[in-house]
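Heads up, protein-v5.cif below (mmCIF, C-alpha atoms and all ligand atoms):
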```cif
data_entry
#
loop_
_atom_site.label_atom_id
_atom_site.label_comp_id
_atom_site.auth_asym_id
_atom_site.auth_seq_id
_atom_site.Cartn_x
_atom_site.Cartn_y
_atom_site.Cartn_z
CA MET A 288 -47.03 -2.17 117.62
CA LYS A 289 -47.62 -4.21 114.49
CA ILE A 290 -45.98 -3.18 111.23
CA THR A 291 -48.01 -4.23 108.22
CA SER A 292 -45.91 -2.82 105.37
CA ALA A 293 -42.85 -0.69 104.67
CA ASN A 294 -41.24 1.46 101.99
CA LEU A 295 -37.57 2.04 101.31
CA TYR A 296 -36.32 5.07 99.39
CA MET A 297 -32.72 5.46 98.28
CA ILE A 298 -32.10 9.21 98.05
CA ASN A 299 -29.19 11.35 96.81
CA LEU A 300 -29.77 14.83 98.18
CA PRO A 301 -27.41 17.53 96.81
CA LEU A 302 -25.31 19.35 99.42
CA GLN A 303 -25.04 23.16 99.19
CA SER A 304 -21.27 22.70 98.92
CA ALA A 305 -18.84 19.80 99.01
CA PHE A 306 -17.96 18.59 102.53
CA LYS A 307 -14.34 17.54 103.03
CA THR A 308 -12.98 15.43 105.90
CA SER A 309 -9.65 13.68 106.51
CA PHE A 310 -11.13 10.55 104.83
CA GLY A 311 -12.78 12.00 101.76
CA GLN A 312 -15.17 14.47 100.16
CA MET A 313 -18.96 14.36 99.65
CA ARG A 314 -21.14 16.36 97.23
CA THR A 315 -24.46 14.67 97.94
CA LYS A 316 -25.93 13.18 101.09
CA ASP A 317 -26.71 9.62 100.06
CA PHE A 318 -29.11 7.94 102.47
CA ILE A 319 -32.11 5.61 102.84
CA LEU A 320 -35.50 6.78 104.06
CA VAL A 321 -37.53 4.04 105.76
CA ALA A 322 -41.31 4.32 106.13
CA LEU A 323 -43.03 1.84 108.47
CA HIS A 324 -46.84 1.55 108.33
CA ASP A 325 -48.72 0.17 111.33
CA GLU A 326 -52.08 -1.57 111.68
CA ASP A 327 -53.79 1.69 112.76
CA GLY A 328 -52.80 3.53 109.57
CA ARG A 329 -49.93 5.52 111.09
CA THR A 330 -46.53 5.89 109.43
CA GLY A 331 -43.19 6.24 111.21
CA TYR A 332 -40.08 7.51 109.41
CA GLY A 333 -36.43 6.71 109.96
CA GLU A 334 -33.21 7.56 108.13
CA CYS A 335 -30.30 5.21 107.52
CA SER A 336 -27.21 7.45 107.52
CA ALA A 337 -24.65 5.02 106.07
CA PHE A 338 -22.51 6.73 103.43
CA SER A 339 -22.08 5.23 99.93
CA VAL A 340 -18.48 4.29 100.74
CA PRO A 341 -17.54 2.67 104.09
CA PHE A 342 -14.98 5.27 105.12
CA TYR A 343 -16.58 6.34 108.39
CA THR A 344 -17.60 2.88 109.72
CA GLU A 345 -17.79 -0.51 107.99
CA GLU A 346 -21.39 0.07 106.92
CA PHE A 347 -22.25 1.49 103.52
CA ARG A 348 -25.53 2.37 101.90
CA ASN A 349 -25.93 -0.51 99.46
CA SER A 350 -25.21 -3.09 102.16
CA ALA A 351 -27.65 -1.37 104.53
CA TYR A 352 -30.33 -1.30 101.82
CA LEU A 353 -30.02 -5.07 101.26
CA LEU A 354 -29.99 -5.78 104.98
CA LEU A 355 -33.12 -3.68 105.53
CA LYS A 356 -34.95 -5.16 102.54
CA ASP A 357 -33.99 -8.84 102.89
CA ILE A 358 -33.47 -9.35 106.61
CA LEU A 359 -34.45 -6.62 109.10
CA ILE A 360 -37.81 -5.54 107.71
CA PRO A 361 -38.98 -9.12 106.99
CA LEU A 362 -38.13 -9.95 110.65
CA LEU A 363 -40.11 -6.93 111.84
CA LEU A 364 -43.14 -7.75 109.66
CA ARG A 365 -43.53 -11.15 111.33
CA GLN A 366 -43.45 -9.90 114.91
CA GLU A 367 -45.52 -7.73 117.20
CA ILE A 368 -43.69 -5.66 119.82
CA THR A 369 -44.99 -3.29 122.49
CA THR A 370 -42.07 -0.86 122.84
CA PRO A 371 -39.22 0.16 120.52
CA ALA A 372 -36.71 -1.09 123.12
CA GLN A 373 -37.78 -4.65 122.25
CA LEU A 374 -36.12 -4.29 118.85
CA THR A 375 -32.79 -5.03 120.54
CA ASN A 376 -34.03 -8.58 121.20
CA LEU A 377 -35.62 -8.96 117.79
CA PHE A 378 -32.35 -8.05 116.05
CA CYS A 379 -29.97 -9.70 118.55
CA ALA A 380 -28.83 -12.34 116.06
CA ILE A 381 -27.70 -9.67 113.60
CA LYS A 382 -24.22 -8.38 114.32
CA ARG A 383 -23.49 -4.65 114.22
CA ASN A 384 -24.89 -2.86 111.13
CA ASN A 385 -26.01 -0.18 113.56
CA MET A 386 -27.08 2.41 110.99
CA ALA A 387 -29.51 0.00 109.30
CA LYS A 388 -30.90 -0.95 112.72
CA ALA A 389 -31.12 2.72 113.74
CA ALA A 390 -33.35 3.51 110.76
CA ILE A 391 -35.90 1.01 112.07
CA ASP A 392 -35.41 1.94 115.73
CA THR A 393 -36.06 5.62 115.05
CA ALA A 394 -39.08 4.95 112.80
CA MET A 395 -40.53 2.76 115.58
CA TRP A 396 -39.89 5.51 118.15
CA ASP A 397 -41.69 7.95 115.84
CA LEU A 398 -44.70 5.58 115.74
CA TYR A 399 -44.54 4.98 119.48
CA ALA A 400 -44.51 8.73 120.17
CA GLN A 401 -47.42 9.33 117.76
CA LYS A 402 -49.41 6.52 119.37
CA SER A 403 -48.94 7.99 122.84
CA HIS A 404 -49.64 11.56 121.61
CA ARG A 405 -46.23 12.81 122.69
CA SER A 406 -43.39 14.52 120.90
CA LEU A 407 -40.42 12.26 120.20
CA ALA A 408 -38.40 14.23 122.78
CA GLU A 409 -41.03 13.61 125.46
CA ALA A 410 -41.42 9.96 124.51
CA ILE A 411 -37.72 9.23 125.05
CA GLY A 412 -37.60 11.16 128.33
CA GLY A 413 -36.00 14.41 127.15
CA ASN A 414 -36.31 17.52 129.28
CA LYS A 415 -35.31 20.52 127.13
CA LYS A 416 -37.42 22.96 125.10
CA GLU A 417 -34.53 23.92 122.87
CA VAL A 418 -31.12 22.43 122.08
CA LEU A 419 -27.76 24.09 121.48
CA ALA A 420 -26.71 24.33 117.84
CA GLY A 421 -23.13 23.86 116.69
CA ILE A 422 -21.62 23.69 113.23
CA SER A 423 -19.07 21.37 111.65
CA ILE A 424 -16.87 22.97 109.00
CA GLY A 425 -15.08 20.76 106.47
CA ILE A 426 -11.40 21.07 105.55
CA GLN A 427 -10.83 24.34 103.65
CA PRO A 428 -8.18 25.26 101.06
CA SER A 429 -6.39 27.72 103.40
CA PRO A 430 -6.51 29.20 106.92
CA THR A 431 -7.87 32.45 105.41
CA VAL A 432 -10.82 30.68 103.78
CA LEU A 433 -11.46 28.79 107.02
CA VAL A 434 -11.56 32.04 109.01
CA GLN A 435 -14.16 33.40 106.54
CA LYS A 436 -16.30 30.27 106.99
CA VAL A 437 -16.07 30.57 110.77
CA GLN A 438 -17.05 34.24 110.55
CA GLN A 439 -20.18 33.29 108.60
CA ALA A 440 -21.02 30.56 111.12
CA VAL A 441 -20.64 32.88 114.11
CA LYS A 442 -22.77 35.49 112.37
CA ALA A 443 -25.47 32.85 111.79
CA GLY A 444 -25.51 32.25 115.56
CA TYR A 445 -23.72 28.93 115.96
CA GLN A 446 -22.57 28.60 119.56
CA ARG A 447 -19.75 26.17 118.98
CA VAL A 448 -17.62 25.69 115.91
CA LYS A 449 -16.00 22.41 114.97
CA VAL A 450 -13.26 22.38 112.37
CA LYS A 451 -12.24 19.26 110.48
CA ILE A 452 -8.48 18.70 110.52
CA LYS A 453 -5.85 16.39 109.05
CA PRO A 454 -2.03 16.45 109.05
CA GLY A 455 -0.97 19.51 107.07
CA ALA A 456 -4.28 21.30 107.67
CA ASP A 457 -4.45 21.53 111.43
CA TYR A 458 -2.52 23.71 113.90
CA GLN A 459 -2.00 26.72 111.61
CA TYR A 460 -5.65 26.60 110.54
CA LEU A 461 -6.95 26.43 114.11
CA LYS A 462 -4.52 29.15 115.26
CA ALA A 463 -5.77 31.49 112.53
CA VAL A 464 -9.33 31.00 113.81
CA ARG A 465 -8.30 31.39 117.46
CA ASN A 466 -6.50 34.69 116.70
CA VAL A 467 -9.70 36.19 115.30
CA PHE A 468 -12.04 34.56 117.86
CA PRO A 469 -10.26 34.36 121.24
CA GLN A 470 -13.46 33.39 123.15
CA LEU A 471 -15.17 31.09 120.67
CA MET A 472 -16.11 27.54 121.74
CA LEU A 473 -13.79 25.96 119.20
CA MET A 474 -12.95 22.29 118.64
CA ALA A 475 -11.30 20.04 116.06
CA ASP A 476 -12.34 16.70 114.53
CA ALA A 477 -9.56 14.52 113.06
CA ASN A 478 -11.63 11.48 112.02
CA SER A 479 -8.71 9.19 112.97
CA ALA A 480 -6.09 11.03 110.89
CA TYR A 481 -3.28 10.74 113.51
CA GLN A 482 -1.20 8.12 115.28
CA LEU A 483 0.19 7.97 118.80
CA LYS A 484 3.60 8.99 117.44
CA ASP A 485 2.04 12.38 116.56
CA ALA A 486 1.51 13.10 120.29
CA ASP A 487 4.14 15.87 120.39
CA HIS A 488 2.54 17.58 117.42
CA LEU A 489 -0.92 17.31 118.98
CA LYS A 490 0.41 18.68 122.30
CA GLN A 491 0.85 22.08 120.63
CA PHE A 492 -2.96 22.24 120.29
CA ASP A 493 -3.15 22.71 124.08
CA LYS A 494 -2.09 26.33 123.47
CA LEU A 495 -5.32 26.98 121.56
CA GLY A 496 -7.80 26.39 124.40
CA LEU A 497 -9.92 23.97 122.37
CA LEU A 498 -13.13 22.62 123.89
CA MET A 499 -12.01 19.15 122.76
CA ILE A 500 -10.26 17.21 120.02
CA GLU A 501 -12.52 14.59 118.44
CA GLN A 502 -11.32 11.12 117.42
CA PRO A 503 -7.60 11.77 116.85
CA LEU A 504 -6.67 8.06 116.49
CA GLU A 505 -8.12 4.89 114.95
CA SER A 506 -11.59 3.83 116.06
CA GLY A 507 -10.59 0.47 117.58
CA ASP A 508 -7.69 1.96 119.50
CA LEU A 509 -8.92 2.75 123.01
CA LEU A 510 -5.53 1.89 124.53
CA ASN A 511 -3.56 4.45 122.53
CA HIS A 512 -6.28 7.06 123.06
CA ALA A 513 -5.75 6.53 126.81
CA GLN A 514 -2.02 7.10 126.39
CA LEU A 515 -2.59 10.17 124.28
CA GLN A 516 -5.10 11.63 126.76
CA GLN A 517 -2.46 11.38 129.49
CA GLN A 518 -0.20 13.61 127.43
CA LEU A 519 -2.81 16.19 126.35
CA ALA A 520 -4.51 18.88 128.42
CA THR A 521 -7.18 19.19 125.70
CA PRO A 522 -10.04 16.74 126.41
CA ILE A 523 -10.33 13.91 123.89
CA CYS A 524 -13.82 13.25 122.55
CA LEU A 525 -14.51 9.84 121.02
CA ASP A 526 -16.80 9.52 118.00
CA GLU A 527 -15.99 6.52 115.74
CA SER A 528 -14.74 4.55 118.80
CA ILE A 529 -18.13 4.60 120.56
CA ASN A 530 -20.66 2.32 118.87
CA SER A 531 -22.22 0.70 121.93
CA LEU A 532 -22.68 0.98 125.70
CA LYS A 533 -19.77 -1.47 126.13
CA ASP A 534 -17.50 0.89 124.16
CA ALA A 535 -18.46 3.75 126.48
CA GLN A 536 -17.76 1.58 129.54
CA ALA A 537 -14.34 0.57 128.17
CA MET A 538 -13.48 4.20 127.37
CA TYR A 539 -14.35 5.16 130.95
CA GLN A 540 -12.35 2.35 132.53
CA LEU A 541 -9.30 2.94 130.36
CA GLY A 542 -9.42 6.75 130.44
CA SER A 543 -9.43 6.92 126.64
CA GLY A 544 -11.19 10.28 126.63
CA GLN A 545 -13.45 12.61 128.56
CA ILE A 546 -16.31 13.37 126.17
CA ILE A 547 -18.55 11.26 123.89
CA ASN A 548 -20.07 12.23 120.57
CA ILE A 549 -23.21 10.05 120.61
CA LYS A 550 -24.66 9.69 117.13
CA VAL A 551 -28.04 8.01 117.19
CA SER A 552 -27.32 6.31 113.85
CA LYS A 553 -23.88 4.99 114.78
CA VAL A 554 -25.00 3.35 118.04
CA GLY A 555 -28.05 1.65 116.48
CA GLY A 556 -30.84 4.00 117.51
CA LEU A 557 -32.44 5.96 120.31
CA SER A 558 -32.77 3.09 122.81
CA ILE A 559 -28.99 2.59 122.93
CA ALA A 560 -28.25 6.33 122.74
CA LYS A 561 -30.40 6.66 125.88
CA GLU A 562 -28.38 3.97 127.68
CA ILE A 563 -25.06 5.56 126.75
CA GLN A 564 -26.04 9.06 127.86
CA ALA A 565 -27.38 7.65 131.17
CA PHE A 566 -24.10 5.82 131.78
CA ALA A 567 -22.12 8.93 130.87
CA GLN A 568 -24.19 11.08 133.20
CA ARG A 569 -23.60 8.70 136.11
CA HIS A 570 -19.85 8.92 135.50
CA HIS A 571 -19.67 12.66 134.74
CA ILE A 572 -18.67 12.21 131.11
CA ASP A 573 -20.01 15.03 128.92
CA CYS A 574 -21.92 14.07 125.78
CA TRP A 575 -23.29 15.82 122.72
CA CYS A 576 -25.15 14.79 119.61
CA GLY A 577 -23.17 14.32 116.41
CA GLY A 578 -24.53 14.22 112.87
CA MET A 579 -23.93 12.40 109.58
CA LEU A 580 -24.75 15.31 107.25
CA GLY A 581 -28.24 13.94 107.75
CA SER A 582 -31.40 15.14 106.09
CA GLY A 583 -34.20 16.65 108.17
CA VAL A 584 -35.51 13.24 109.26
CA ALA A 585 -32.19 12.38 110.92
CA ARG A 586 -31.87 15.90 112.37
CA ALA A 587 -35.36 15.68 113.85
CA VAL A 588 -34.23 12.57 115.72
CA ASP A 589 -30.99 14.32 116.75
CA ILE A 590 -32.97 17.26 118.16
CA ALA A 591 -35.01 14.84 120.28
CA ALA A 592 -31.89 12.93 121.43
CA ALA A 593 -30.16 16.17 122.45
CA THR A 594 -33.02 16.92 124.89
CA LEU A 595 -31.87 13.98 127.08
CA PRO A 596 -30.19 15.21 130.28
CA GLY A 597 -26.83 13.52 129.56
CA TYR A 598 -26.33 15.65 126.42
CA THR A 599 -24.54 18.54 128.09
CA LEU A 600 -22.53 20.25 125.32
CA PRO A 601 -23.52 22.00 122.05
CA ASN A 602 -24.42 19.56 119.28
CA ASP A 603 -23.68 19.12 115.58
CA ILE A 604 -27.24 20.23 114.88
CA SER A 605 -27.48 22.82 112.11
CA ALA A 606 -30.20 24.59 110.18
CA SER A 607 -31.53 22.76 107.09
CA GLN A 608 -30.08 25.50 104.86
CA ARG A 609 -26.54 24.89 106.18
CA TYR A 610 -26.40 21.69 104.12
CA PHE A 611 -29.38 21.65 101.74
CA ALA A 612 -31.08 24.05 99.34
CA HIS A 613 -34.10 21.73 99.72
CA ASP A 614 -34.52 19.60 102.83
CA ILE A 615 -36.99 16.71 102.89
CA ILE A 616 -38.95 18.07 105.87
CA LYS A 617 -41.45 20.88 106.38
CA PRO A 618 -40.98 23.24 108.11
CA GLU A 619 -37.21 23.31 107.66
CA ILE A 620 -34.97 23.47 110.74
CA ASN A 621 -33.96 27.02 111.71
CA LEU A 622 -31.82 28.56 114.42
CA SER A 623 -33.07 31.13 116.87
CA ASN A 624 -30.39 32.68 119.06
CA GLY A 625 -28.02 29.81 118.39
CA LYS A 626 -30.59 27.24 119.44
CA VAL A 627 -33.11 24.97 117.74
CA LYS A 628 -36.63 24.77 119.17
CA VAL A 629 -37.81 21.28 120.03
CA PRO A 630 -41.11 20.45 118.29
CA THR A 631 -44.05 19.74 120.59
CA ILE A 632 -46.43 17.99 118.18
CA PRO A 633 -46.68 14.17 118.40
CA GLY A 634 -43.93 12.09 116.79
CA LEU A 635 -40.94 13.45 114.85
CA GLY A 636 -42.52 16.91 114.75
CA PHE A 637 -42.10 17.58 111.02
CA LYS A 638 -43.99 16.71 107.83
CA LEU A 639 -42.19 15.18 104.88
CA ASP A 640 -41.72 17.14 101.67
CA TRP A 641 -42.70 14.53 99.07
CA ASP A 642 -41.89 16.78 96.09
CA THR A 643 -38.27 16.94 97.19
CA ILE A 644 -38.20 13.25 98.10
CA SER A 645 -39.51 12.10 94.70
CA ARG A 646 -37.15 14.46 92.89
CA TYR A 647 -34.04 12.92 94.48
CA THR A 648 -35.10 9.26 94.94
CA ILE A 649 -33.00 6.94 92.77
CA LYS A 650 -34.55 3.62 93.80
CA GLU A 651 -37.41 2.36 95.96
CA ASN A 652 -38.97 -0.84 97.26
CA LYS A 653 -42.29 -1.73 98.82
CA LEU A 654 -42.36 -4.53 101.38
O1 LIG B 1 -17.07 12.78 112.23
O2 LIG B 1 -18.71 13.87 112.96
C1 LIG B 1 -18.11 13.38 112.02
C2 LIG B 1 -19.72 14.41 108.72
C3 LIG B 1 -19.50 13.30 107.98
C4 LIG B 1 -18.83 12.23 108.54
C5 LIG B 1 -18.37 12.30 109.84
C6 LIG B 1 -18.60 13.42 110.61
C7 LIG B 1 -19.28 14.51 110.02
C8 LIG B 1 -19.54 15.77 110.70
C9 LIG B 1 -20.78 16.50 110.28
O3 LIG B 1 -18.77 16.30 111.46
C10 LIG B 1 -21.69 16.77 111.39
C11 LIG B 1 -23.07 17.18 110.94
O4 LIG B 1 -23.80 16.35 110.38
O5 LIG B 1 -23.41 18.34 111.13
MG MG B 2 -16.56 13.04 114.24
#
```

Full structure transcribed into structure tokens:
Amino acid sequence: MKITSANLYMINLPLQSAFKTSFGQMRTKDFILVALHDEDGRTGYGECSAFSVPFYTEEFRNSAYLLLKDILIPLLLRQEITTPAQLTNLFCAIKRNNMAKAAIDTAMWDLYAQKSHRSLAEAIGGNKKEVLAGISIGIQPSPTVLVQKVQQAVKAGYQRVKVKIKPGADYQYLKAVRNVFPQLMLMADANSAYQLKDADHLKQFDKLGLLMIEQPLESGDLLNHAQLQQQLATPICLDESINSLKDAQAMYQLGSGQIINIKVSKVGGLSIAKEIQAFAQRHHIDCWCGGMLGSGVARAVDIAAATLPGYTLPNDISASQRYFAHDIIKPEINLSNGKVKVPTIPGLGFKLDWDTISRYTIKENKL
């Protein structure tokens, strides 16, 4: 696989409505689209999911753009590799910056799948024809408004509902939803909004029969997560804490949680996501695919990742219209019976909508 040139597009895609988490609010999905052109005239696409402000991980979009433009893509242009997995070696001298690396990794997997005439799901070793769709609902102004949002989500067919929480907008909100939906697969995501001293407060959540509580404590804090898990009946799922295979191994050894949210972007791409889900499967840790409010290019990769056997629970994979009036892919992603069909055509499985891309591109570079 020889890459002869590349394009970078910085895109601000409007969200249908503002998305609020414990760390902040977003009105647009700001991301970078990477196009890699190979010697045979094919193009592979990848998305860099880093937000404009580093409130989820240390990475942010402007830093990722510079890293891609000045370091990662120039490295790639000088080298020929035979499989996407070899990128790990090529980039081994560059610490972390997983979302920038993931943009290249996923574009290379797209090319690799196209070259071998397989869908991306097939190329990575996935074995599902459809994947389970779940929805993530941002923090709402009141429990009543939240219940309305959950009602809409259930009506649209989502199989599992995740609710963002923070201190002051948590137990009462979740209880209001549970009262109306006693059987719903319901979970909460705190994005690190709590501390170990909140354990007694979080223990009340056990009464709600949640599927899991995602990332209650700080990302680096596997030890306190282990202590908290001992006190909670509700399984802890780690998101921000799991950025590598080593993180997953440490979580397992320490007992810091029981479930992993594997985001392809956060762990540096599909090759590492594959390793983490294989490790998790061997040790009976459930996994599912998380999202970054990604555009269709990122969701297409997520759909493929979720076909891997270790992804056992419903994913944060939504229809295009859930987040965007105009997605950047054609056809848009739709649900059927609470599931998303896995494309069977070679590569990512979607075409790009260049009208939408040019409308919302704020900066671009050709390399
Ligand atoms: O923690 O999973 C998260 C959105 C922005 C930042 C962090 C998270 C999220 C989500 C959205 O929960 C999931 C999605 O893209 O559907
Ligand atoms: Mg999360």

Quote the spacing between atom CA of A:Leu355 and atom CA of A:Thr375 in Å to one decimal place.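 Result for atom CA of A:Leu355 versus atom CA of A:Thr375: 15.1 Å, one decimal.
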
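Proximity of A:Gly636, A:Pro618, A:Gly625, A:Gly578 to A:Tyr445, computed with all atoms listed in the file, is greatest for A:Gly625.
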
Contacts with ligand LIG 1 (chain B) at most 8 Å, only C-alpha atoms and all ligand atoms counted, listed as JSON, numbers by chain: {"A": [306, 308, 343, 421, 422, 423, 424, 425, 449, 451, 476, 477, 478, 501, 502, 526, 527, 548, 577, 578, 579, 580, 581, 603, 604, 605]}

Out of A:Thr369, A:Ser506, A:Asn466, A:Thr393, which residue has the shortest atom-to-atom distance to ligand MG 2 (chain B) when counting all atoms listed in the file? A:Ser506

Within 8 Å of A:Ala480, counting only C-alpha atoms, which residues qualify if same-chain residues fewer than 2 places away don't, as a short mmCIF file (atom, residue, chain, number, x, y, z; two decimals) with C-alpha atoms, in the coordinates of the input?
```cif
data_model
loop_
_atom_site.label_atom_id
_atom_site.label_comp_id
_atom_site.auth_asym_id
_atom_site.auth_seq_id
_atom_site.Cartn_x
_atom_site.Cartn_y
_atom_site.Cartn_z
CA SER A 309 -9.65 13.68 106.51
CA PHE A 310 -11.13 10.55 104.83
CA LYS A 453 -5.85 16.39 109.05
CA PRO A 454 -2.03 16.45 109.05
CA ALA A 477 -9.56 14.52 113.06
CA ASN A 478 -11.63 11.48 112.02
CA GLN A 482 -1.20 8.12 115.28
CA PRO A 503 -7.60 11.77 116.85
CA LEU A 504 -6.67 8.06 116.49
CA GLU A 505 -8.12 4.89 114.95
#
```

Calculate how many Å separate atom CA of A:Glu562 from atom CA of A:Ala593, rounding to one decimal. 13.4 Å

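If only C-alpha atoms and all ligand atoms are the atoms counted, then among A:Lys550, A:Lys415, A:His571, A:His613 the closest residue to ligand MG 2 (chain B) is A:Lys550.
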
Just the residues within 6 Å of A:Met297, please, counting only C-alpha atoms, with nothing from its chain fewer than 4 positions along; format it as number ranges by chain. A: 319, 648-650

Closest of A:Ala305, A:Ile523, A:Asp325, A:Gly455 to ligand MG 2 (chain B) - atom-to-atom distances counting all atoms listed in the file: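 Going through A:Ala305, A:Ile523, A:Asp325, A:Gly455 one by one, the smallest distance to ligand MG 2 (chain B) is for A:Ile523.
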
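Nearest residue to A:Glu651 among A:Met313, A:Ser339, A:Phe318, A:Ile426 is A:Phe318, counting all atoms listed in the file.
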
With only C-alpha atoms as the counted atoms, please give the residues lying no more than 9 Å from A:Gly597, apart from itself and same-chain residues fewer than 3 positions off, as a list in words.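 Near neighbours after the sequence-gap exclusion: Lys561, Ile563, Gln564, Ala565, Phe566, Ala567, Gln568, Arg569, His571, Ile572, Asp573, Cys574, Trp575, Ala593 and Thr594 of chain A.
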
Restricting the calculation to all atoms listed in the file, which member of A:Lys490, A:Lys553, A:Arg586, A:His570 is positioned closest to ligand MG 2 (chain B)?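 For ligand MG 2 (chain B), the nearest of the given residues is A:Lys553.
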
If you measure from atom CA of A:Gln491 to atom CA of A:Lys436, what distance in Å do you get, rounded to one decimal?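 Between atom CA of A:Gln491 and atom CA of A:Lys436 the gap works out to 23.4 Å.
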
Taking the partial coordinates given, rebuild stretch 460-478 of chain A to contain N, CA and C atoms; return it as a PDB file, in the coordinates of the input.
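The resulting file, result.pdb, is reproduced below:
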```pdb
ATOM      1  N   TYR A 460      -4.256  26.276 110.860  1.00  0.00           N
ATOM      2  CA  TYR A 460      -5.650  26.600 110.540  1.00  0.00           C
ATOM      3  C   TYR A 460      -6.418  27.000 111.802  1.00  0.00           C
ATOM      4  N   LEU A 461      -6.242  26.165 112.851  1.00  0.00           N
ATOM      5  CA  LEU A 461      -6.950  26.430 114.110  1.00  0.00           C
ATOM      6  C   LEU A 461      -6.443  27.715 114.768  1.00  0.00           C
ATOM      7  N   LYS A 462      -5.125  27.948 114.650  1.00  0.00           N
ATOM      8  CA  LYS A 462      -4.520  29.150 115.260  1.00  0.00           C
ATOM      9  C   LYS A 462      -5.061  30.409 114.583  1.00  0.00           C
ATOM     10  N   ALA A 463      -5.228  30.336 113.266  1.00  0.00           N
ATOM     11  CA  ALA A 463      -5.770  31.490 112.530  1.00  0.00           C
ATOM     12  C   ALA A 463      -7.179  31.816 113.043  1.00  0.00           C
ATOM     13  N   VAL A 464      -7.968  30.782 113.302  1.00  0.00           N
ATOM     14  CA  VAL A 464      -9.330  31.000 113.810  1.00  0.00           C
ATOM     15  C   VAL A 464      -9.255  31.551 115.239  1.00  0.00           C
ATOM     16  N   ARG A 465      -8.412  30.964 116.061  1.00  0.00           N
ATOM     17  CA  ARG A 465      -8.300  31.390 117.460  1.00  0.00           C
ATOM     18  C   ARG A 465      -7.864  32.852 117.560  1.00  0.00           C
ATOM     19  N   ASN A 466      -6.956  33.286 116.666  1.00  0.00           N
ATOM     20  CA  ASN A 466      -6.500  34.690 116.700  1.00  0.00           C
ATOM     21  C   ASN A 466      -7.640  35.660 116.482  1.00  0.00           C
ATOM     22  N   VAL A 467      -8.579  35.291 115.594  1.00  0.00           N
ATOM     23  CA  VAL A 467      -9.700  36.190 115.300  1.00  0.00           C
ATOM     24  C   VAL A 467     -10.828  36.034 116.340  1.00  0.00           C
ATOM     25  N   PHE A 468     -10.963  34.824 116.896  1.00  0.00           N
ATOM     26  CA  PHE A 468     -12.040  34.560 117.860  1.00  0.00           C
ATOM     27  C   PHE A 468     -11.466  33.989 119.165  1.00  0.00           C
ATOM     28  N   PRO A 469     -10.916  34.858 120.015  1.00  0.00           N
ATOM     29  CA  PRO A 469     -10.260  34.360 121.240  1.00  0.00           C
ATOM     30  C   PRO A 469     -11.203  33.650 122.206  1.00  0.00           C
ATOM     31  N   GLN A 470     -12.518  33.969 122.169  1.00  0.00           N
ATOM     32  CA  GLN A 470     -13.460  33.390 123.150  1.00  0.00           C
ATOM     33  C   GLN A 470     -14.324  32.275 122.602  1.00  0.00           C
ATOM     34  N   LEU A 471     -14.246  32.033 121.302  1.00  0.00           N
ATOM     35  CA  LEU A 471     -15.170  31.090 120.670  1.00  0.00           C
ATOM     36  C   LEU A 471     -15.030  29.666 121.220  1.00  0.00           C
ATOM     37  N   MET A 472     -16.158  28.978 121.424  1.00  0.00           N
ATOM     38  CA  MET A 472     -16.110  27.540 121.740  1.00  0.00           C
ATOM     39  C   MET A 472     -15.680  26.839 120.462  1.00  0.00           C
ATOM     40  N   LEU A 473     -14.388  26.494 120.421  1.00  0.00           N
ATOM     41  CA  LEU A 473     -13.790  25.960 119.200  1.00  0.00           C
ATOM     42  C   LEU A 473     -13.273  24.536 119.466  1.00  0.00           C
ATOM     43  N   MET A 474     -13.458  23.657 118.495  1.00  0.00           N
ATOM     44  CA  MET A 474     -12.950  22.290 118.640  1.00  0.00           C
ATOM     45  C   MET A 474     -12.518  21.754 117.283  1.00  0.00           C
ATOM     46  N   ALA A 475     -11.800  20.623 117.301  1.00  0.00           N
ATOM     47  CA  ALA A 475     -11.300  20.040 116.060  1.00  0.00           C
ATOM     48  C   ALA A 475     -11.717  18.582 115.975  1.00  0.00           C
ATOM     49  N   ASP A 476     -11.993  18.109 114.762  1.00  0.00           N
ATOM     50  CA  ASP A 476     -12.340  16.700 114.530  1.00  0.00           C
ATOM     51  C   ASP A 476     -11.379  16.106 113.501  1.00  0.00           C
ATOM     52  N   ALA A 477     -10.611  15.089 113.928  1.00  0.00           N
ATOM     53  CA  ALA A 477      -9.560  14.520 113.060  1.00  0.00           C
ATOM     54  C   ALA A 477     -10.033  13.291 112.291  1.00  0.00           C
ATOM     55  N   ASN A 478     -11.174  12.722 112.658  1.00  0.00           N
ATOM     56  CA  ASN A 478     -11.630  11.480 112.020  1.00  0.00           C
ATOM     57  C   ASN A 478     -10.478  10.472 111.838  1.00  0.00           C
TER      58      ASN A 478
END
```
